[in-house]
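Okay, protein23.csv now, which holds CSV, C-alpha atoms and all ligand atoms:
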chain,number,residue,atom,x,y,z
A,1,MET,CA,205.7,-4.2,77.8
A,2,HIS,CA,208.6,-5.3,75.7
A,3,PHE,CA,208.4,-4.1,72.1
A,4,SER,CA,208.4,-7.4,70.3
A,5,LEU,CA,205.6,-8.7,72.6
A,6,ARG,CA,203.6,-5.5,72.1
A,7,TYR,CA,204.0,-5.8,68.3
A,8,ILE,CA,202.9,-9.4,68.4
A,9,PHE,CA,199.8,-8.5,70.3
A,10,LEU,CA,199.1,-5.7,68.0
A,11,ILE,CA,199.3,-7.9,64.9
A,12,GLN,CA,197.3,-10.6,66.7
A,13,ALA,CA,194.7,-8.1,67.5
A,14,PHE,CA,193.9,-8.0,63.9
A,15,SER,CA,194.5,-11.5,62.9
A,16,LEU,CA,192.2,-13.6,65.0
A,17,LEU,CA,189.6,-14.1,62.4
A,18,THR,CA,191.7,-16.3,60.2
A,19,SER,CA,193.7,-18.3,62.6
A,20,CYS,CA,191.3,-19.9,65.1
A,21,GLU,CA,189.0,-22.2,63.2
A,22,LYS,CA,188.4,-25.4,65.0
A,23,SER,CA,185.9,-28.1,64.6
A,24,GLU,CA,183.8,-30.0,67.1
A,25,ILE,CA,185.4,-33.3,66.0
A,26,GLU,CA,188.8,-32.0,67.0
A,27,GLU,CA,187.6,-31.1,70.5
A,28,GLU,CA,186.3,-34.6,71.1
A,29,LYS,CA,189.7,-36.1,70.7
A,30,ILE,CA,191.2,-34.3,73.6
A,31,LYS,CA,190.9,-35.8,77.1
A,32,ILE,CA,190.6,-33.2,79.8
A,33,GLU,CA,190.8,-34.1,83.4
A,34,VAL,CA,190.1,-31.3,85.8
A,35,VAL,CA,192.5,-31.8,88.7
A,36,HIS,CA,191.7,-28.8,90.8
A,37,VAL,CA,189.0,-26.0,90.7
A,38,PRO,CA,189.2,-23.1,93.0
A,39,SER,CA,186.2,-22.6,95.2
A,40,VAL,CA,185.7,-19.1,93.8
A,41,CYS,CA,185.7,-18.6,90.1
A,42,THR,CA,184.7,-15.1,88.8
A,43,GLN,CA,186.0,-15.5,85.3
A,44,LYS,CA,186.5,-18.3,82.8
A,45,SER,CA,189.0,-18.2,79.9
A,46,LYS,CA,187.7,-17.8,76.4
A,47,ARG,CA,189.0,-17.3,72.9
A,48,GLY,CA,191.0,-14.0,72.5
A,49,ASP,CA,191.8,-13.7,76.2
A,50,LEU,CA,195.4,-13.1,77.2
A,51,VAL,CA,196.1,-15.9,79.6
A,52,ASN,CA,199.0,-16.6,82.0
A,53,ALA,CA,199.7,-20.3,82.6
A,54,HIS,CA,202.3,-22.8,83.5
A,55,TYR,CA,202.4,-26.1,81.7
A,56,ASP,CA,204.6,-29.1,81.6
A,57,GLY,CA,204.6,-31.4,78.6
A,58,PHE,CA,205.2,-35.2,78.6
A,59,LEU,CA,205.3,-37.8,75.9
A,60,ALA,CA,202.4,-40.3,76.4
A,61,THR,CA,204.6,-43.2,75.4
A,62,ASP,CA,207.1,-43.1,78.2
A,63,LEU,CA,206.0,-40.1,80.2
A,64,SER,CA,209.3,-38.4,79.7
A,65,LYS,CA,209.1,-34.6,80.1
A,66,PHE,CA,209.9,-32.6,77.0
A,67,TYR,CA,208.8,-29.2,78.1
A,68,CYS,CA,208.5,-27.3,81.4
A,69,SER,CA,207.5,-23.7,81.4
A,70,ARG,CA,208.8,-23.4,85.0
A,71,SER,CA,212.4,-23.9,83.9
A,72,GLU,CA,212.1,-21.5,81.0
A,73,ARG,CA,212.4,-17.7,81.1
A,74,ASP,CA,213.3,-17.7,84.8
A,75,GLY,CA,210.2,-19.8,85.6
A,76,HIS,CA,207.7,-17.1,84.8
A,77,PRO,CA,204.3,-18.4,83.7
A,78,LYS,CA,203.8,-18.0,79.9
A,79,TRP,CA,201.6,-15.3,78.6
A,80,PHE,CA,199.7,-15.9,75.3
A,81,VAL,CA,196.5,-15.1,73.6
A,82,LEU,CA,194.2,-18.1,73.8
A,83,GLY,CA,192.6,-19.7,70.7
A,84,VAL,CA,194.7,-18.0,68.1
A,85,GLY,CA,197.4,-20.5,67.3
A,86,GLN,CA,200.2,-19.1,69.5
A,87,VAL,CA,200.4,-22.6,71.2
A,88,ILE,CA,199.6,-25.9,69.6
A,89,LYS,CA,195.9,-26.4,68.7
A,90,GLY,CA,195.4,-28.9,71.5
A,91,LEU,CA,196.5,-26.4,74.2
A,92,ASP,CA,194.3,-23.7,72.6
A,93,ILE,CA,191.4,-26.0,73.1
A,94,ALA,CA,192.4,-27.5,76.5
A,95,LEU,CA,192.8,-24.1,78.1
A,96,MET,CA,189.3,-22.9,77.3
A,97,ASP,CA,186.7,-22.3,80.1
A,98,MET,CA,189.3,-22.5,82.8
A,99,CYS,CA,189.2,-20.5,86.0
A,100,PRO,CA,192.3,-18.8,87.3
A,101,GLY,CA,193.8,-21.2,89.8
A,102,GLU,CA,192.4,-24.2,88.0
A,103,LYS,CA,194.6,-27.2,87.2
A,104,ARG,CA,194.1,-29.7,84.4
A,105,LYS,CA,195.7,-32.8,83.0
A,106,VAL,CA,195.1,-33.2,79.3
A,107,VAL,CA,195.9,-35.8,76.7
A,108,ILE,CA,196.3,-34.3,73.2
A,109,PRO,CA,196.4,-36.5,70.1
A,110,PRO,CA,199.1,-35.9,67.5
A,111,SER,CA,196.7,-34.2,65.0
A,112,LEU,CA,196.2,-31.4,67.5
A,113,ALA,CA,199.9,-31.3,68.5
A,114,TYR,CA,202.9,-31.8,66.2
A,115,GLY,CA,201.3,-34.4,63.9
A,116,GLU,CA,203.2,-36.6,61.5
A,117,GLN,CA,206.2,-34.3,61.5
A,118,GLY,CA,207.0,-34.2,65.2
A,119,TYR,CA,209.1,-31.3,66.4
A,120,VAL,CA,212.9,-31.8,66.5
A,121,LEU,CA,213.6,-28.8,68.7
A,122,ASP,CA,211.5,-30.1,71.5
A,123,LYS,CA,212.4,-33.8,70.8
A,124,ILE,CA,208.9,-34.7,69.9
A,125,PRO,CA,208.8,-37.8,67.6
A,126,PRO,CA,206.3,-38.1,64.7
A,127,ASN,CA,202.7,-39.0,65.6
A,128,ALA,CA,203.3,-38.3,69.3
A,129,THR,CA,200.4,-38.1,71.8
A,130,LEU,CA,201.2,-35.5,74.4
A,131,ILE,CA,200.2,-35.1,78.0
A,132,PHE,CA,200.2,-31.6,79.6
A,133,GLU,CA,199.7,-30.6,83.2
A,134,ILE,CA,198.3,-27.1,83.1
A,135,GLU,CA,197.9,-24.5,85.8
A,136,LEU,CA,196.1,-21.3,84.8
A,137,TYR,CA,197.2,-18.3,86.8
A,138,GLY,CA,195.5,-15.3,85.2
A,139,ILE,CA,193.1,-14.0,82.5
A,140,SER,CA,193.3,-10.6,81.0
A,141,LYS,CA,191.2,-9.0,78.3
A,142,GLY,CA,192.8,-10.0,75.0
A,143,PRO,CA,193.4,-7.6,72.1
A,144,ARG,CA,190.2,-8.6,70.4
A,145,SER,CA,188.0,-7.6,73.3
A,146,VAL,CA,185.1,-5.2,73.3
A,147,GLU,CA,187.2,-2.9,75.4
A,148,ALA,CA,190.0,-2.8,72.9
A,149,PHE,CA,187.5,-2.1,70.1
A,150,GLN,CA,185.9,0.8,72.0
A,151,GLN,CA,189.3,2.2,72.7
A,152,ILE,CA,190.2,2.4,69.0
A,153,ASP,CA,186.7,3.5,68.0
A,154,MET,CA,187.1,7.1,69.1
A,155,ASN,CA,183.9,8.5,67.5
A,156,ASN,CA,181.8,5.5,68.8
A,157,ASP,CA,180.2,4.7,65.5
A,158,ASN,CA,180.9,1.0,66.0
A,159,GLN,CA,183.3,0.8,63.1
A,160,LEU,CA,187.0,1.4,62.8
A,161,SER,CA,188.3,3.9,60.2
A,162,LYS,CA,191.8,4.0,58.8
A,163,GLU,CA,192.4,7.2,60.8
A,164,GLU,CA,191.3,5.6,64.0
A,165,ILE,CA,193.5,2.6,63.6
A,166,SER,CA,196.4,4.8,62.5
A,167,HIS,CA,195.9,6.9,65.6
A,168,TYR,CA,195.9,3.7,67.7
A,169,LEU,CA,199.1,2.5,66.1
A,170,THR,CA,200.7,5.9,66.9
A,171,GLU,CA,199.7,5.6,70.5
A,172,GLU,CA,200.9,2.0,70.8
A,173,PHE,CA,204.2,2.9,69.2
A,174,ARG,CA,204.6,5.9,71.5
A,175,LYS,CA,204.1,3.6,74.5
A,176,ASP,CA,207.0,1.4,73.6
A,177,GLY,CA,209.2,4.4,73.2
A,178,LYS,CA,210.8,3.5,69.9
A,179,GLN,CA,210.7,5.7,66.8
A,180,ARG,CA,209.4,4.2,63.7
A,181,ALA,CA,209.6,5.2,60.1
A,182,PRO,CA,206.4,6.4,58.5
A,183,SER,CA,206.8,3.7,56.0
A,184,GLU,CA,206.6,1.0,58.7
A,185,HIS,CA,203.5,2.6,60.2
A,186,GLY,CA,201.9,2.6,56.7
A,187,ARG,CA,202.9,-1.0,56.0
A,188,ILE,CA,201.3,-2.3,59.3
A,189,LEU,CA,198.2,-0.2,58.6
A,190,THR,CA,197.9,-1.7,55.1
A,191,ASP,CA,198.5,-5.1,56.4
A,192,ILE,CA,195.8,-4.8,59.1
A,193,PHE,CA,193.2,-3.7,56.4
A,194,LYS,CA,194.3,-6.4,54.0
A,195,LYS,CA,193.6,-9.1,56.7
A,196,ASN,CA,190.5,-7.6,58.3
A,197,ASP,CA,188.6,-5.5,55.9
A,198,HIS,CA,186.9,-8.4,54.2
A,199,ASN,CA,184.5,-6.4,52.1
A,200,ASN,CA,187.1,-3.8,51.1
A,201,ASP,CA,185.0,-0.8,52.1
A,202,GLY,CA,187.9,0.8,53.9
A,203,ILE,CA,186.4,0.3,57.3
A,204,ILE,CA,186.7,-2.5,59.8
A,205,SER,CA,183.3,-3.2,61.2
A,206,ALA,CA,182.6,-4.7,64.6
A,207,LYS,CA,181.8,-8.0,62.9
A,208,GLU,CA,185.0,-7.9,60.9
A,209,TYR,CA,186.9,-7.2,64.1
A,210,ASN,CA,185.0,-10.2,65.7
A,211,VAL,CA,183.6,-8.3,68.6
A,212,TYR,CA,180.6,-10.1,70.2
A,213,ARG,CA,178.9,-7.8,72.5
A,214,HIS,CA,176.7,-10.5,74.0
A,215,ASP,CA,179.8,-11.9,75.6
A,216,GLU,CA,179.7,-9.0,78.0
A,217,LEU,CA,176.1,-9.3,79.0
A,301,CA,CA,184.8,4.8,64.4
A,302,CA,CA,184.8,-3.6,56.0

Would you write out, as structure tokens, the structure that this file holds?
Amino acid sequence: MHFSLRYIFLIQAFSLLTSCEKSEIEEEKIKIEVVHVPSVCTQKSKRGDLVNAHYDGFLATDLSKFYCSRSERDGHPKWFVLGVGQVIKGLDIALMDMCPGEKRKVVIPPSLAYGEQGYVLDKIPPNATLIFEIELYGISKGPRSVEAFQQIDMNNDNQLSKEEISHYLTEEFRKDGKQRAPSEHGRILTDIFKKNDHNNDGIISAKEYNVYRHDEL
């Protein structure tokens, strides 16, 4: 995996708690039309999953296309962690509970897209309602999964110590093959605890890490 992507996932792995609040009211405003569901569905997308999808975006006013993931990055489907604000809120919501192979057409109100500001770079005017055609290709366990937690929790006491996370960082950095100054390692470690160790006891508990074991049952 490319370094910057790995680094982003690493940081995201420890930042989900703060960035994925959403209310029921917001969800009601999105219109989701399921266009195609595969006959076999073994897995459905959920918050924290790493998903792989293509999506085309259109302005609702004149149906002009402002975004096409197929024409970006050599047409590879986009990878992102679902439900953490890597894409606009509306897409985070619209891609939940999807099977790989499923296609949806969704209508997203401005409040869950680019709002009053619009987005100059993608030529989205203020207060624009957006339509997306989405195709989900794959779902992988995201960085906030039970598996990721267990991998870091070497002594299986269901909590993550500074040593365990430091070790995990070392391993992750080794994988991407780039040397890092000890100061950078320390800075990331400090940042992770600042964002996740809510009760400041020097340990990240399963609850603080947001692992819900019942998901796996
Ligand atoms: Ca532990
Ligand atoms: Ca703690």

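Near ligand CA 301 (chain A), at a distance of at most 6 Å and with only C-alpha atoms and all ligand atoms counted, sit the residues Asp153, Met154, Asn155, Asn156, Asp157, Asn158, Gln159, Leu160 and Ser161 of chain A.
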
Please, which residues in segment 60-110 of chain A fall within 9 Å of segment 33-52 of chain A when counting only C-alpha atoms, and what is the closest atom pair and distance in Å to one decimal for each, ordered by chain then residue number, as CSV?
residue,atom,partner,partner_atom,distance
A:Pro77,CA,A:Asn52,CA,5.8
A:Lys78,CA,A:Asn52,CA,5.4
A:Trp79,CA,A:Asn52,CA,4.5
A:Phe80,CA,A:Leu50,CA,5.5
A:Val81,CA,A:Leu50,CA,4.3
A:Leu82,CA,A:Arg47,CA,5.3
A:Gly83,CA,A:Arg47,CA,4.9
A:Val84,CA,A:Gly48,CA,7.0
A:Asp92,CA,A:Arg47,CA,8.3
A:Leu95,CA,A:Ser45,CA,7.2
A:Met96,CA,A:Ser45,CA,5.4
A:Asp97,CA,A:Ser45,CA,4.7
A:Met98,CA,A:Lys44,CA,5.0
A:Cys99,CA,A:Lys44,CA,4.7
A:Pro100,CA,A:Cys41,CA,7.2
A:Gly101,CA,A:Pro38,CA,5.9
A:Glu102,CA,A:Val37,CA,4.7
A:Lys103,CA,A:His36,CA,4.9
A:Arg104,CA,A:Val34,CA,4.5
A:Lys105,CA,A:Glu33,CA,5.1
A:Val106,CA,A:Glu33,CA,6.0
A:Val107,CA,A:Glu33,CA,8.6

Per residue of chain A within 10 Å of ligand CA 302 (chain A), which atom pair is closest and at what distance in Å (one decimal), using only C-alpha atoms and all ligand atoms, listed by chain and increasing number, as a Markdown table?
| residue | atom | partner | partner_atom | distance |
| --- | --- | --- | --- | --- |
| A:Gln159 | CA | A:CA302 | CA | 8.5 |
| A:Leu160 | CA | A:CA302 | CA | 8.7 |
| A:Ser161 | CA | A:CA302 | CA | 9.3 |
| A:Phe193 | CA | A:CA302 | CA | 8.4 |
| A:Asn196 | CA | A:CA302 | CA | 7.3 |
| A:Asp197 | CA | A:CA302 | CA | 4.2 |
| A:His198 | CA | A:CA302 | CA | 5.5 |
| A:Asn199 | CA | A:CA302 | CA | 4.8 |
| A:Asn200 | CA | A:CA302 | CA | 5.4 |
| A:Asp201 | CA | A:CA302 | CA | 4.8 |
| A:Gly202 | CA | A:CA302 | CA | 5.8 |
| A:Ile203 | CA | A:CA302 | CA | 4.4 |
| A:Ile204 | CA | A:CA302 | CA | 4.4 |
| A:Ser205 | CA | A:CA302 | CA | 5.4 |
| A:Ala206 | CA | A:CA302 | CA | 8.9 |
| A:Lys207 | CA | A:CA302 | CA | 8.7 |
| A:Glu208 | CA | A:CA302 | CA | 6.5 |
| A:Tyr209 | CA | A:CA302 | CA | 9.1 |

Choose the residue, out of A:Ser166, A:Ile139, A:Ser69, A:Asp122, that has the smallest atom-to-atom separation from Glu184 of chain A; count all atoms listed in the file.
-> A:Ser166

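Reported to one decimal place, the separation of atom CA of Gly75 of chain A from atom CA of Ala113 of chain A is 23.0 Å.
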